[in-house]
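Coordinates from entry-v6.cif are shown below (mmCIF, C-alpha atoms and all ligand atoms).
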data_entry
loop_
_atom_site.label_atom_id
_atom_site.label_comp_id
_atom_site.auth_asym_id
_atom_site.auth_seq_id
_atom_site.Cartn_x
_atom_site.Cartn_y
_atom_site.Cartn_z
CA MET A 556 2.61 51.55 -6.79
CA SER A 557 2.84 52.32 -3.12
CA ALA A 558 -0.60 50.69 -2.53
CA VAL A 559 0.59 47.42 -4.11
CA MET A 560 3.70 47.36 -1.97
CA LYS A 561 1.65 48.05 1.12
CA SER A 562 -0.75 45.15 0.46
CA GLU A 563 2.17 42.80 -0.24
CA ARG A 564 3.65 43.63 3.13
CA ALA A 565 0.27 43.14 4.82
CA VAL A 566 0.00 39.48 3.76
CA PRO A 567 1.31 37.31 6.60
CA LEU A 568 3.80 34.56 5.83
CA HIS A 569 2.87 30.92 6.25
CA THR A 570 5.90 29.05 7.55
CA ILE A 571 6.18 25.32 6.89
CA GLU A 572 6.23 23.23 10.06
CA ALA A 573 7.22 19.59 10.33
CA ALA A 574 7.76 17.43 13.39
CA PRO A 575 10.28 14.60 13.05
CA VAL A 576 8.87 11.49 11.33
CA PRO A 577 7.50 8.87 13.78
CA ALA A 578 10.06 6.36 15.05
CA ARG A 579 7.64 3.41 14.80
CA PHE A 580 6.10 1.88 11.71
CA ALA A 581 2.35 1.70 11.17
CA ARG A 582 0.40 -1.17 12.72
CA GLY A 583 -1.38 -3.23 10.07
CA TRP A 584 -1.21 -5.56 7.11
CA HIS A 585 1.41 -4.74 4.49
CA CYS A 586 1.36 -6.32 1.05
CA LEU A 587 4.58 -7.98 -0.21
CA GLY A 588 3.43 -8.55 -3.79
CA LEU A 589 2.47 -11.82 -5.45
CA ALA A 590 2.58 -14.81 -3.11
CA SER A 591 3.95 -16.86 -6.04
CA ASP A 592 7.13 -14.72 -5.99
CA TYR A 593 8.06 -16.51 -2.74
CA THR A 594 7.21 -20.12 -3.55
CA ASP A 595 10.33 -21.20 -5.45
CA GLY A 596 11.74 -23.12 -2.46
CA LYS A 597 14.35 -20.45 -1.71
CA PRO A 598 14.53 -17.88 1.10
CA HIS A 599 13.97 -14.26 0.01
CA SER A 600 15.27 -11.21 1.92
CA LEU A 601 13.36 -7.97 2.06
CA ASN A 602 14.28 -4.63 3.64
CA ILE A 603 11.23 -3.41 5.54
CA PHE A 604 10.30 -1.77 8.87
CA GLY A 605 13.90 -0.60 9.36
CA THR A 606 15.20 -4.17 9.37
CA ARG A 607 15.44 -7.18 7.05
CA LEU A 608 12.98 -10.07 6.89
CA VAL A 609 13.34 -13.48 5.28
CA ILE A 610 10.38 -15.05 3.50
CA PHE A 611 10.14 -18.66 2.36
CA GLN A 612 7.72 -21.46 1.66
CA GLY A 613 8.10 -24.52 3.88
CA GLU A 614 7.60 -28.09 2.69
CA ASP A 615 4.01 -27.98 4.02
CA GLY A 616 3.25 -25.20 1.51
CA ALA A 617 2.83 -22.39 4.07
CA ILE A 618 4.77 -19.16 3.56
CA ARG A 619 6.71 -18.03 6.65
CA ILE A 620 8.32 -14.76 7.59
CA LEU A 621 11.15 -14.34 10.11
CA ASN A 622 13.67 -11.68 11.00
CA ALA A 623 16.50 -12.21 8.53
CA TRP A 624 19.47 -11.27 10.73
CA CYS A 625 20.70 -14.51 12.31
CA PRO A 626 21.17 -13.95 16.07
CA HIS A 627 24.24 -16.22 16.08
CA MET A 628 26.66 -13.91 14.29
CA GLY A 629 24.41 -11.70 12.19
CA ALA A 630 24.31 -13.27 8.73
CA ASP A 631 21.35 -12.78 6.38
CA LEU A 632 19.17 -15.92 6.47
CA GLY A 633 18.09 -15.03 2.93
CA LEU A 634 21.48 -16.40 1.78
CA GLY A 635 20.70 -19.75 3.40
CA ALA A 636 18.49 -22.65 2.36
CA VAL A 637 15.01 -23.92 3.18
CA GLU A 638 14.95 -27.24 5.04
CA GLY A 639 11.60 -28.76 6.02
CA ASN A 640 9.61 -25.85 7.39
CA GLY A 641 12.69 -23.95 8.52
CA VAL A 642 15.64 -22.04 7.15
CA VAL A 643 19.31 -22.95 7.56
CA CYS A 644 21.81 -20.12 7.91
CA LYS A 645 24.58 -20.21 5.33
CA PHE A 646 27.24 -18.94 7.75
CA HIS A 647 27.40 -21.73 10.41
CA GLY A 648 24.38 -23.90 9.59
CA TRP A 649 22.03 -23.12 12.48
CA ARG A 650 18.48 -24.12 11.54
CA TRP A 651 15.55 -21.88 12.50
CA ASN A 652 12.03 -23.26 12.68
CA GLY A 653 9.68 -21.19 10.52
CA SER A 654 6.64 -21.52 12.80
CA ASP A 655 8.00 -20.40 16.17
CA GLY A 656 11.44 -19.09 15.23
CA VAL A 657 13.23 -21.51 17.59
CA CYS A 658 16.62 -22.89 16.60
CA ASP A 659 16.17 -26.67 16.37
CA HIS A 660 19.55 -27.74 15.03
CA ILE A 661 23.18 -26.66 15.28
CA PRO A 662 25.41 -29.03 13.29
CA TYR A 663 28.43 -28.73 15.64
CA ALA A 664 26.88 -28.22 19.12
CA LYS A 665 25.59 -30.63 21.79
CA ARG A 666 23.38 -28.03 23.41
CA ILE A 667 21.24 -25.32 21.79
CA PRO A 668 21.47 -22.03 23.75
CA PRO A 669 18.18 -21.34 25.64
CA LYS A 670 17.67 -17.96 23.99
CA ALA A 671 18.10 -19.25 20.44
CA ARG A 672 14.88 -17.90 19.04
CA ILE A 673 14.21 -15.38 16.29
CA LYS A 674 11.17 -13.13 15.76
CA THR A 675 8.41 -14.52 13.52
CA TRP A 676 5.90 -12.33 11.68
CA PRO A 677 2.20 -13.14 11.11
CA SER A 678 1.42 -13.49 7.42
CA CYS A 679 -1.49 -14.34 5.17
CA VAL A 680 -2.24 -14.89 1.50
CA GLN A 681 -5.31 -13.21 0.05
CA ASN A 682 -6.10 -12.23 -3.55
CA LYS A 683 -2.94 -14.16 -4.57
CA LEU A 684 -0.94 -11.56 -2.64
CA LEU A 685 1.26 -12.10 0.40
CA PHE A 686 0.78 -9.89 3.47
CA VAL A 687 2.84 -9.38 6.61
CA TRP A 688 1.37 -8.00 9.83
CA ASN A 689 3.32 -5.30 11.68
CA ASP A 690 2.48 -4.44 15.26
CA PRO A 691 5.06 -2.62 17.40
CA GLU A 692 3.28 -4.08 20.47
CA GLY A 693 3.56 -7.62 19.12
CA ALA A 694 -0.19 -8.43 19.09
CA LEU A 695 -1.76 -10.72 16.49
CA PRO A 696 -3.89 -9.26 13.66
CA PRO A 697 -7.54 -8.69 14.66
CA VAL A 698 -10.11 -10.59 12.54
CA GLU A 699 -12.02 -7.42 11.69
CA GLN A 700 -8.95 -6.15 9.83
CA ALA A 701 -8.71 -9.22 7.59
CA ILE A 702 -8.01 -8.35 3.94
CA PRO A 703 -11.26 -8.67 1.93
CA ARG A 704 -11.44 -11.06 -0.98
CA ILE A 705 -11.56 -9.66 -4.53
CA ASP A 706 -13.54 -12.11 -6.67
CA PRO A 707 -12.09 -10.89 -10.03
CA VAL A 708 -8.66 -12.18 -8.92
CA TYR A 709 -10.05 -15.71 -9.18
CA SER A 710 -12.11 -15.24 -12.34
CA ASP A 711 -11.22 -16.35 -15.89
CA GLU A 712 -13.04 -13.28 -17.16
CA TRP A 713 -10.25 -11.15 -15.78
CA SER A 714 -6.52 -10.86 -16.51
CA ASP A 715 -3.89 -11.93 -13.99
CA TRP A 716 -2.19 -9.37 -11.76
CA SER A 717 0.45 -7.28 -13.47
CA ILE A 718 2.56 -5.64 -10.74
CA VAL A 719 5.46 -3.18 -10.85
CA ASN A 720 7.65 -1.92 -7.99
CA TRP A 721 9.00 1.53 -7.30
CA THR A 722 11.34 2.74 -4.56
CA ILE A 723 10.30 6.15 -3.29
CA HIS A 724 12.67 8.33 -1.28
CA ASN A 725 10.34 9.95 1.18
CA ASN A 726 8.24 9.13 4.23
CA CYS A 727 5.15 7.08 3.37
CA ARG A 728 2.74 9.73 4.71
CA GLU A 729 3.32 11.55 1.41
CA LEU A 730 1.58 8.67 -0.39
CA ILE A 731 -1.29 8.61 2.10
CA ASP A 732 -2.05 12.31 1.43
CA ASN A 733 -3.16 11.18 -2.05
CA ILE A 734 -6.41 9.80 -0.58
CA ALA A 735 -7.74 13.30 0.04
CA ASP A 736 -5.81 15.28 -2.57
CA MET A 737 -8.44 16.12 -5.13
CA ALA A 738 -6.65 19.06 -6.75
CA HIS A 739 -3.64 17.07 -7.94
CA PHE A 740 -5.75 14.91 -10.24
CA VAL A 741 -6.16 17.90 -12.51
CA SER A 742 -2.65 19.39 -12.32
CA VAL A 743 -0.63 16.15 -12.15
CA HIS A 744 -2.77 13.53 -13.87
CA GLY A 745 -4.61 15.59 -16.45
CA SER A 746 -8.16 14.96 -15.24
CA THR A 747 -10.07 17.53 -17.21
CA ASN A 748 -13.23 17.42 -15.23
CA VAL A 749 -13.62 15.97 -11.75
CA VAL A 750 -17.39 16.16 -11.19
CA TYR A 751 -17.54 14.32 -7.91
CA PHE A 752 -15.05 13.64 -5.12
CA ALA A 753 -15.71 12.18 -1.69
CA ASN A 754 -13.83 10.59 1.19
CA LEU A 755 -15.24 8.04 3.59
CA PHE A 756 -13.21 7.34 6.74
CA GLU A 757 -14.32 4.50 8.96
CA GLN A 758 -12.30 2.42 11.45
CA HIS A 759 -9.23 1.11 9.60
CA LYS A 760 -10.70 1.94 6.18
CA ALA A 761 -10.33 5.13 4.14
CA THR A 762 -11.94 5.47 0.75
CA GLN A 763 -11.76 7.97 -2.05
CA ILE A 764 -14.69 8.07 -4.45
CA MET A 765 -14.19 10.03 -7.63
CA VAL A 766 -15.99 10.56 -10.90
CA GLY A 767 -14.10 12.38 -13.59
CA ALA A 768 -13.13 12.63 -17.20
CA ASN A 769 -9.53 11.92 -18.04
CA ASP A 770 -8.25 12.51 -21.55
CA ARG A 771 -5.18 10.34 -20.94
CA LEU A 772 -6.98 7.34 -19.43
CA GLY A 773 -10.56 7.55 -20.55
CA GLY A 774 -10.40 9.51 -23.80
CA GLY A 775 -12.94 12.06 -22.58
CA ASP A 776 -15.32 9.50 -21.08
CA TYR A 777 -16.23 9.43 -17.41
CA LEU A 778 -14.57 6.98 -15.07
CA THR A 779 -15.68 6.20 -11.54
CA THR A 780 -13.03 5.09 -9.09
CA ILE A 781 -13.61 3.72 -5.62
CA ALA A 782 -10.25 3.45 -3.92
CA SER A 783 -10.13 1.93 -0.44
CA TYR A 784 -7.31 1.62 2.02
CA TYR A 785 -7.66 -1.37 4.31
CA GLY A 786 -5.23 -0.42 7.04
CA PRO A 787 -2.25 1.91 6.59
CA ALA A 788 -0.61 0.47 3.50
CA TYR A 789 -2.87 -1.55 1.20
CA GLN A 790 -5.22 0.21 -1.18
CA ILE A 791 -7.54 -1.44 -3.67
CA THR A 792 -9.25 0.58 -6.39
CA HIS A 793 -12.29 -0.47 -8.36
CA MET A 794 -12.37 1.54 -11.57
CA PHE A 795 -15.21 1.39 -14.04
CA GLY A 796 -16.67 3.47 -16.85
CA LYS A 797 -15.72 3.98 -20.47
CA MET A 798 -12.43 4.29 -22.27
CA GLY A 799 -12.58 5.46 -25.88
CA GLY A 800 -16.33 4.78 -25.85
CA VAL A 801 -15.90 1.15 -24.73
CA PRO A 802 -16.98 -0.06 -21.27
CA VAL A 803 -13.97 -0.92 -19.11
CA GLU A 804 -13.54 -2.30 -15.62
CA SER A 805 -10.33 -2.73 -13.71
CA VAL A 806 -8.90 -3.26 -10.26
CA LEU A 807 -5.78 -1.43 -9.16
CA LEU A 808 -3.44 -2.33 -6.34
CA ASN A 809 -1.48 0.41 -4.59
CA SER A 810 0.45 -0.90 -1.64
CA HIS A 811 3.61 0.15 0.10
CA THR A 812 6.09 -1.17 2.62
CA PRO A 813 8.27 1.24 4.58
CA ILE A 814 11.97 0.44 4.08
CA ASP A 815 12.85 2.97 6.76
CA GLN A 816 11.51 6.37 7.91
CA ASN A 817 12.60 8.08 4.69
CA SER A 818 11.94 5.55 1.97
CA PHE A 819 9.34 3.03 0.99
CA GLU A 820 8.71 0.44 -1.65
CA LEU A 821 5.57 0.94 -3.66
CA ARG A 822 3.80 -1.84 -5.50
CA PHE A 823 1.40 -0.90 -8.19
CA GLY A 824 -0.74 -3.58 -9.81
CA VAL A 825 -3.51 -3.92 -12.37
CA LEU A 826 -6.22 -6.47 -13.09
CA VAL A 827 -8.34 -5.85 -16.17
CA LYS A 828 -11.65 -7.38 -17.13
CA LYS A 829 -11.38 -9.05 -20.54
CA PHE A 830 -13.80 -8.15 -23.28
CA PRO A 831 -16.14 -11.05 -24.17
CA GLY A 832 -14.64 -13.29 -26.87
CA MET A 833 -11.27 -11.60 -26.58
CA SER A 834 -8.22 -13.75 -27.40
CA ASP A 835 -5.51 -14.22 -24.79
CA GLU A 836 -3.06 -12.26 -26.98
CA ALA A 837 -5.45 -9.33 -27.35
CA CYS A 838 -6.10 -9.42 -23.62
CA ASP A 839 -2.37 -9.41 -22.87
CA ALA A 840 -1.90 -6.43 -25.18
CA MET A 841 -4.76 -4.57 -23.51
CA VAL A 842 -3.38 -5.26 -20.04
CA LYS A 843 0.05 -4.13 -21.18
CA SER A 844 -1.19 -0.81 -22.54
CA TYR A 845 -3.39 -0.31 -19.47
CA VAL A 846 -0.47 -1.00 -17.14
CA GLU A 847 1.70 1.43 -19.10
CA LEU A 848 -0.92 4.16 -18.89
CA THR A 849 -1.67 3.75 -15.20
CA ASN A 850 1.99 3.22 -14.42
CA LYS A 851 2.80 6.47 -16.21
CA ALA A 852 0.16 8.19 -14.09
CA PHE A 853 1.92 6.89 -10.97
CA GLY A 854 5.24 8.10 -12.31
CA GLU A 855 3.78 11.59 -12.38
CA ASP A 856 3.23 11.39 -8.61
CA VAL A 857 6.69 9.90 -8.03
CA ASP A 858 8.44 12.97 -9.44
CA ILE A 859 6.58 15.08 -6.91
CA TRP A 860 7.31 12.77 -3.96
CA HIS A 861 11.04 12.79 -4.74
CA ASN A 862 11.07 16.57 -4.61
CA LYS A 863 8.98 17.74 -1.70
CA VAL A 864 9.31 18.37 2.03
CA ARG A 865 7.17 17.08 4.86
CA ILE A 866 4.60 19.68 5.87
CA ASP A 867 2.46 19.27 8.99
CA ASN A 868 0.53 22.50 8.43
CA PRO A 869 -0.43 22.50 4.75
CA LEU A 870 -1.91 25.81 3.67
CA LEU A 871 -5.24 24.65 2.24
CA CYS A 872 -7.89 26.47 0.24
CA ASP A 873 -11.65 25.81 -0.11
CA GLY A 874 -11.19 23.62 -3.20
CA ASP A 875 -8.86 21.17 -1.46
CA GLY A 876 -10.00 17.80 -0.17
CA PRO A 877 -10.00 16.89 3.56
CA VAL A 878 -6.22 16.54 3.93
CA TYR A 879 -6.28 17.12 7.70
CA GLN A 880 -9.08 14.60 8.38
CA ASN A 881 -7.25 12.09 6.23
CA ARG A 882 -4.06 12.48 8.25
CA GLN A 883 -6.06 12.09 11.47
CA TRP A 884 -7.41 8.78 10.14
CA TYR A 885 -3.86 7.68 9.29
CA GLU A 886 -2.52 8.60 12.77
CA GLN A 887 -4.49 5.73 14.37
CA PHE A 888 -1.91 3.26 13.08
CA TYR A 889 0.86 4.92 15.08
CA PHE A 890 -0.84 4.68 18.51
CA ASP A 891 -0.79 1.62 20.76
CA ALA A 892 -3.99 -0.27 19.88
CA ALA A 893 -5.68 0.44 23.24
CA ALA A 894 -4.75 4.12 23.12
CA VAL A 895 -6.21 5.08 19.71
CA PRO A 896 -8.47 8.12 20.26
CA ALA A 897 -12.07 7.35 19.15
CA GLU A 898 -11.98 10.53 17.08
CA LEU A 899 -9.50 8.95 14.66
CA THR A 900 -11.57 5.89 13.78
CA LYS A 901 -15.10 7.33 13.74
CA ARG A 902 -17.10 7.40 10.51
CA ARG A 903 -16.63 10.61 8.56
CA PHE A 904 -17.90 11.40 5.10
CA VAL A 905 -16.68 14.47 3.22
CA GLU A 906 -18.14 15.21 -0.19
CA ILE A 907 -17.35 17.67 -2.96
CA ASP A 908 -20.15 17.51 -5.50
CA LYS A 909 -19.73 19.66 -8.59
CA GLY A 910 -23.15 18.89 -10.00
CA ILE A 911 -23.13 15.22 -10.91
CA ALA A 912 -26.43 13.77 -12.20
CA GLU A 913 -26.20 10.49 -10.34
CA LYS A 914 -23.99 10.21 -7.28
CA PRO A 915 -22.00 7.03 -6.69
CA GLU A 916 -22.78 5.10 -3.53
CA ALA A 917 -20.74 5.97 -0.42
CA ARG A 918 -19.04 2.63 0.19
CA HIS A 919 -15.65 0.95 0.36
CA ALA A 920 -14.34 -1.05 -2.58
CA PHE A 921 -14.80 -4.83 -2.31
CA ASP A 922 -16.01 -4.56 1.30
CA ASN A 923 -17.42 -7.94 2.24
S1 LIG B 1001 25.48 -16.34 11.67
FE1 LIG B 1001 23.90 -17.70 11.29
S2 LIG B 1001 24.61 -19.59 11.91
FE2 LIG B 1001 26.21 -18.25 12.39
FE FE B 1002 -1.76 10.79 -7.84
#
Please re-express this file's structure in structure tokens.
Amino acid sequence: MSAVMKSERAVPLHTIEAAPVPARFARGWHCLGLASDYTDGKPHSLNIFGTRLVIFQGEDGAIRILNAWCPHMGADLGLGAVEGNGVVCKFHGWRWNGSDGVCDHIPYAKRIPPKARIKTWPSCVQNKLLFVWNDPEGALPPVEQAIPRIDPVYSDEWSDWSIVNWTIHNNCRELIDNIADMAHFVSVHGSTNVVYFANLFEQHKATQIMVGANDRLGGGDYLTTIASYYGPAYQITHMFGKMGGVPVESVLLNSHTPIDQNSFELRFGVLVKKFPGMSDEACDAMVKSYVELTNKAFGEDVDIWHNKVRIDNPLLCDGDGPVYQNRQWYEQFYFDAAAVPAELTKRRFVEIDKGIAEKPEARHAFDN
């Protein structure tokens, strides 16, 4: 009895440490969901990066993004109307040009004030998704960080995107930890046998490669997933293998946009490859059940994120994935571009092989 008590006292305590969350938001492309959600001719407001943005399609077809708070007297431009390639504020009718953010019309003034300009945000459409570029220094997006094309998005052999949104009440680093968190696949998602797990970090890309059996998703068959972050907030997963003995292939979208330092919006999407000869109805039903299953799996993570604290010094064991290296990769997006330490963007490959017969290739998903 006394020996047990003595050994208990001898174990040192690990105290959780956490610095305040960063004041800035990550530099990089952030996905705003389906581009078609913004092409109805109306302005749409969105809370993101600690402010509000307005998104609309101009008459030339291009989607534009501006700060939503009108600098005249602060109204939300999202309540206004699209006119030409600009947006007219509902409060006093000032019109803001969507390309350069300059006010080009005030219905009741002879002279437009010289500082009447509003911030514009670089955007792009890729894979039928809309993206906005955030850079606290105001630089334009570098070409080498362009979002890669996913051919299945444009193929009739695949379903359309099915996307759901969640609001998560925590800092978005909690989501990023997932890249390296091998152990939670067993405890949270019911993977019965992860036989291979690896992480590849390289420049602005971070990839998780996993082979495992999952009774909930794959019915005991093995699934390979290659899940790649392109930048701080947009992850694409290529999943293939068997489900209930039948070959399956899917693409998953996991993207987030920070609302503020303590909450973020998460978009989770699925594209499924149709079986040959499958009717549209059968395909829709398959996509629906697939979305429900994968969505449920995400819900399992959400419960955890809503009930955890930030921890800068996680107490890891030898079976954990490279959580610290992963966070180092993620830190690059919070430095000024010219000040990013080379250490954070260098190629690193960390592998946990539990005896797989044939290893998957160490590569990023849809890298082209
Ligand atoms: S607040 Fe927008 S025009 Fe006055
Ligand atoms: Fe998870």
Q. When you draw a straight line from CA of Tyr777 in chain A to CA of Ser742 in chain A, how long is it in Å?
A.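 Those two atoms sit 17.6 Å apart.
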Q: Counting only C-alpha atoms and all ligand atoms, name the residues that have an atom within 8 Å of an atom of ligand LIG 1001 (chain B); the answer should be given as an MDAnalysis selection string.
A: chainID A and resid 624:632 643:650 661
Q | Cut-off 8 Å, all atoms listed in the file, neighbours of ligand FE 1002 (chain B) as JSON, numbers by chain | A | {"A": [733, 739, 740, 743, 744, 852, 853, 855, 856]}
Q: Could you tell me which of A:Glu692, A:Asn809, A:Glu712, A:Pro677 comes closest to Gly832 in chain A if we count all atoms listed in the file?
A: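 Checking each candidate against Gly832 in chain A, we get A:Glu712 as the closest.
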Q.
If we count all atoms listed in the file and set the cut-off at 10 Å, which residues sit around Arg582 in chain A, ignoring sequence neighbours fewer than 4 positions away in its own chain? Please answer as a ChimeraX atom specification.
A. /A:688-694,696,786-788,887-892
Q.
Under the rule that all atoms listed in the file are counted, which of A:Glu898, A:Glu886, A:Ile723, A:Pro802 is the nearest residue to Pro577 in chain A?
A.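 Closest to Pro577 in chain A of all the choices is A:Glu886.
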(Q) as a list in words, please: the residues near Cys727 in chain A (cut-off 12 Å, all atoms listed in the file, same-chain neighbours under 6 positions excluded). (A) Val576, Pro577, Phe580, Ala581, Phe604, Asn733, Pro787, Ala788, Tyr789, Ser810, His811, Thr812, Pro813, Ile814, Asp815, Gln816, Asn817, Ser818, Phe819, Glu820, Leu821, Val857, Trp860, His861, Arg865, Arg882 and Tyr885 of chain A
Write the residues of the preceding selection, restricted to C-alpha atoms, as a PDB file, in the frame of the given file.
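Produced file again_26.pdb, reproduced below:
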ATOM      1  CA  VAL A 576       8.870  11.490  11.330  1.00  0.00           C
ATOM      2  CA  PRO A 577       7.500   8.870  13.780  1.00  0.00           C
ATOM      3  CA  PHE A 580       6.100   1.880  11.710  1.00  0.00           C
ATOM      4  CA  ALA A 581       2.350   1.700  11.170  1.00  0.00           C
ATOM      5  CA  PHE A 604      10.300  -1.770   8.870  1.00  0.00           C
ATOM      6  CA  ASN A 733      -3.160  11.180  -2.050  1.00  0.00           C
ATOM      7  CA  PRO A 787      -2.250   1.910   6.590  1.00  0.00           C
ATOM      8  CA  ALA A 788      -0.610   0.470   3.500  1.00  0.00           C
ATOM      9  CA  TYR A 789      -2.870  -1.550   1.200  1.00  0.00           C
ATOM     10  CA  SER A 810       0.450  -0.900  -1.640  1.00  0.00           C
ATOM     11  CA  HIS A 811       3.610   0.150   0.100  1.00  0.00           C
ATOM     12  CA  THR A 812       6.090  -1.170   2.620  1.00  0.00           C
ATOM     13  CA  PRO A 813       8.270   1.240   4.580  1.00  0.00           C
ATOM     14  CA  ILE A 814      11.970   0.440   4.080  1.00  0.00           C
ATOM     15  CA  ASP A 815      12.850   2.970   6.760  1.00  0.00           C
ATOM     16  CA  GLN A 816      11.510   6.370   7.910  1.00  0.00           C
ATOM     17  CA  ASN A 817      12.600   8.080   4.690  1.00  0.00           C
ATOM     18  CA  SER A 818      11.940   5.550   1.970  1.00  0.00           C
ATOM     19  CA  PHE A 819       9.340   3.030   0.990  1.00  0.00           C
ATOM     20  CA  GLU A 820       8.710   0.440  -1.650  1.00  0.00           C
ATOM     21  CA  LEU A 821       5.570   0.940  -3.660  1.00  0.00           C
ATOM     22  CA  VAL A 857       6.690   9.900  -8.030  1.00  0.00           C
ATOM     23  CA  TRP A 860       7.310  12.770  -3.960  1.00  0.00           C
ATOM     24  CA  HIS A 861      11.040  12.790  -4.740  1.00  0.00           C
ATOM     25  CA  ARG A 865       7.170  17.080   4.860  1.00  0.00           C
ATOM     26  CA  ARG A 882      -4.060  12.480   8.250  1.00  0.00           C
ATOM     27  CA  TYR A 885      -3.860   7.680   9.290  1.00  0.00           C
TER      28      TYR A 885
END
Q: Just give me the gap between CA of Gln883 in chain A and CA of Ile866 in chain A in Å, one decimal is fine.
A: 14.2 Å
Just the residues within 12 Å of Gly639 in chain A, please, counting all atoms listed in the file, with nothing from its chain fewer than 3 positions along; format it as a compact mmCIF listing (two decimals) with C-alpha atoms, in the frame of the given file.
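Contents of part-v7.txt, freshly written:
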# COMPACT_ATOMS: atom_id res chain seq x y z
CA GLY A 596 11.74 -23.12 -2.46
CA LYS A 597 14.35 -20.45 -1.71
CA PHE A 611 10.14 -18.66 2.36
CA GLN A 612 7.72 -21.46 1.66
CA GLY A 613 8.10 -24.52 3.88
CA GLU A 614 7.60 -28.09 2.69
CA ASP A 615 4.01 -27.98 4.02
CA GLY A 616 3.25 -25.20 1.51
CA ALA A 617 2.83 -22.39 4.07
CA ARG A 619 6.71 -18.03 6.65
CA ALA A 636 18.49 -22.65 2.36
CA VAL A 642 15.64 -22.04 7.15
CA VAL A 643 19.31 -22.95 7.56
CA ARG A 650 18.48 -24.12 11.54
CA TRP A 651 15.55 -21.88 12.50
CA ASN A 652 12.03 -23.26 12.68
CA GLY A 653 9.68 -21.19 10.52
CA SER A 654 6.64 -21.52 12.80
CA ASP A 659 16.17 -26.67 16.37
Q: Tell me, in Å to one decimal, how far CA of Ile618 in chain A is from CA of Thr606 in chain A.
A: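 Atom-to-atom, CA of Ile618 in chain A to CA of Thr606 in chain A, that is 19.2 Å.
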Would you kindly return, as a short mmCIF file (atom, residue, chain, number, x, y, z; two decimals) with C-alpha atoms, keeping the file's coordinate frame, each protein, DNA or RNA residue with an atom no farther than 12 Å from any atom of Glu913 in chain A, considering only C-alpha atoms and excluding same-chain residues fewer than 6 positions away?
data_model
loop_
_atom_site.label_atom_id
_atom_site.label_comp_id
_atom_site.auth_asym_id
_atom_site.auth_seq_id
_atom_site.Cartn_x
_atom_site.Cartn_y
_atom_site.Cartn_z
CA VAL A 750 -17.39 16.16 -11.19
CA TYR A 751 -17.54 14.32 -7.91
CA VAL A 766 -15.99 10.56 -10.90
CA THR A 779 -15.68 6.20 -11.54
#
**Q.** Proximity to Leu589 in chain A - best of A:Ile620, A:Thr675, A:Leu634, A:Asp715, only C-alpha atoms
**A.** A:Asp715
Q) Between A:Lys683, A:His919, A:Arg607, A:Lys760, which has the minimum distance to His793 in chain A (counting only C-alpha atoms)? A)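 Counting only C-alpha atoms, the residue closest to His793 in chain A is A:His919.
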(Q) So that I can see what lies close to Phe795 in chain A, please list as a count of residues only the residues with an atom at most 9 Å from it, counting only C-alpha atoms and leaving out residues fewer than 4 positions away in the same chain. (A) 10
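Nearest-residue note for Val698 in chain A: choosing from A:Gly633, A:Ala782, A:Arg902, A:Gly583, the minimum distance belongs to A:Gly583, counting all atoms listed in the file.
Within 7 Å of the point (-6.8, -1.5, -12.8), and counting only C-alpha atoms, the protein, DNA and RNA residues are Met794, Ser805, Val806, Leu807, Val825, Leu826 and Val827 of chain A.
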Q: Compare A:Phe921, A:Trp884, A:Phe830, A:Trp713 by their minimum atom-to-atom distance to Ala761 in chain A, counting all atoms listed in the file, and give me the closest one.
A: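 Among the listed residues, A:Trp884 lies closest to Ala761 in chain A.
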Provide range 602-610 of chain A rebuilt to N, CA and C atoms, formatted as a PDB file, keeping the file's coordinate frame.
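Written output follows (out-v3.pdb):
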ATOM      1  N   ASN A 602      14.055  -5.725   2.686  1.00  0.00           N
ATOM      2  CA  ASN A 602      14.280  -4.630   3.640  1.00  0.00           C
ATOM      3  C   ASN A 602      12.958  -3.930   3.918  1.00  0.00           C
ATOM      4  N   ILE A 603      12.543  -3.951   5.174  1.00  0.00           N
ATOM      5  CA  ILE A 603      11.230  -3.410   5.540  1.00  0.00           C
ATOM      6  C   ILE A 603      11.226  -3.130   7.035  1.00  0.00           C
ATOM      7  N   PHE A 604      10.444  -2.141   7.450  1.00  0.00           N
ATOM      8  CA  PHE A 604      10.300  -1.770   8.870  1.00  0.00           C
ATOM      9  C   PHE A 604      11.666  -1.516   9.527  1.00  0.00           C
ATOM     10  N   GLY A 605      12.595  -0.939   8.802  1.00  0.00           N
ATOM     11  CA  GLY A 605      13.900  -0.600   9.360  1.00  0.00           C
ATOM     12  C   GLY A 605      14.777  -1.798   9.639  1.00  0.00           C
ATOM     13  N   THR A 606      14.374  -2.986   9.160  1.00  0.00           N
ATOM     14  CA  THR A 606      15.200  -4.170   9.370  1.00  0.00           C
ATOM     15  C   THR A 606      15.142  -5.020   8.099  1.00  0.00           C
ATOM     16  N   ARG A 607      15.542  -6.290   8.206  1.00  0.00           N
ATOM     17  CA  ARG A 607      15.440  -7.180   7.050  1.00  0.00           C
ATOM     18  C   ARG A 607      14.686  -8.436   7.459  1.00  0.00           C
ATOM     19  N   LEU A 608      13.751  -8.857   6.629  1.00  0.00           N
ATOM     20  CA  LEU A 608      12.980 -10.070   6.890  1.00  0.00           C
ATOM     21  C   LEU A 608      13.346 -11.126   5.852  1.00  0.00           C
ATOM     22  N   VAL A 609      13.145 -12.394   6.244  1.00  0.00           N
ATOM     23  CA  VAL A 609      13.340 -13.480   5.280  1.00  0.00           C
ATOM     24  C   VAL A 609      11.998 -14.184   5.099  1.00  0.00           C
ATOM     25  N   ILE A 610      11.685 -14.486   3.850  1.00  0.00           N
ATOM     26  CA  ILE A 610      10.380 -15.050   3.500  1.00  0.00           C
ATOM     27  C   ILE A 610      10.627 -16.334   2.721  1.00  0.00           C
TER      28      ILE A 610
END
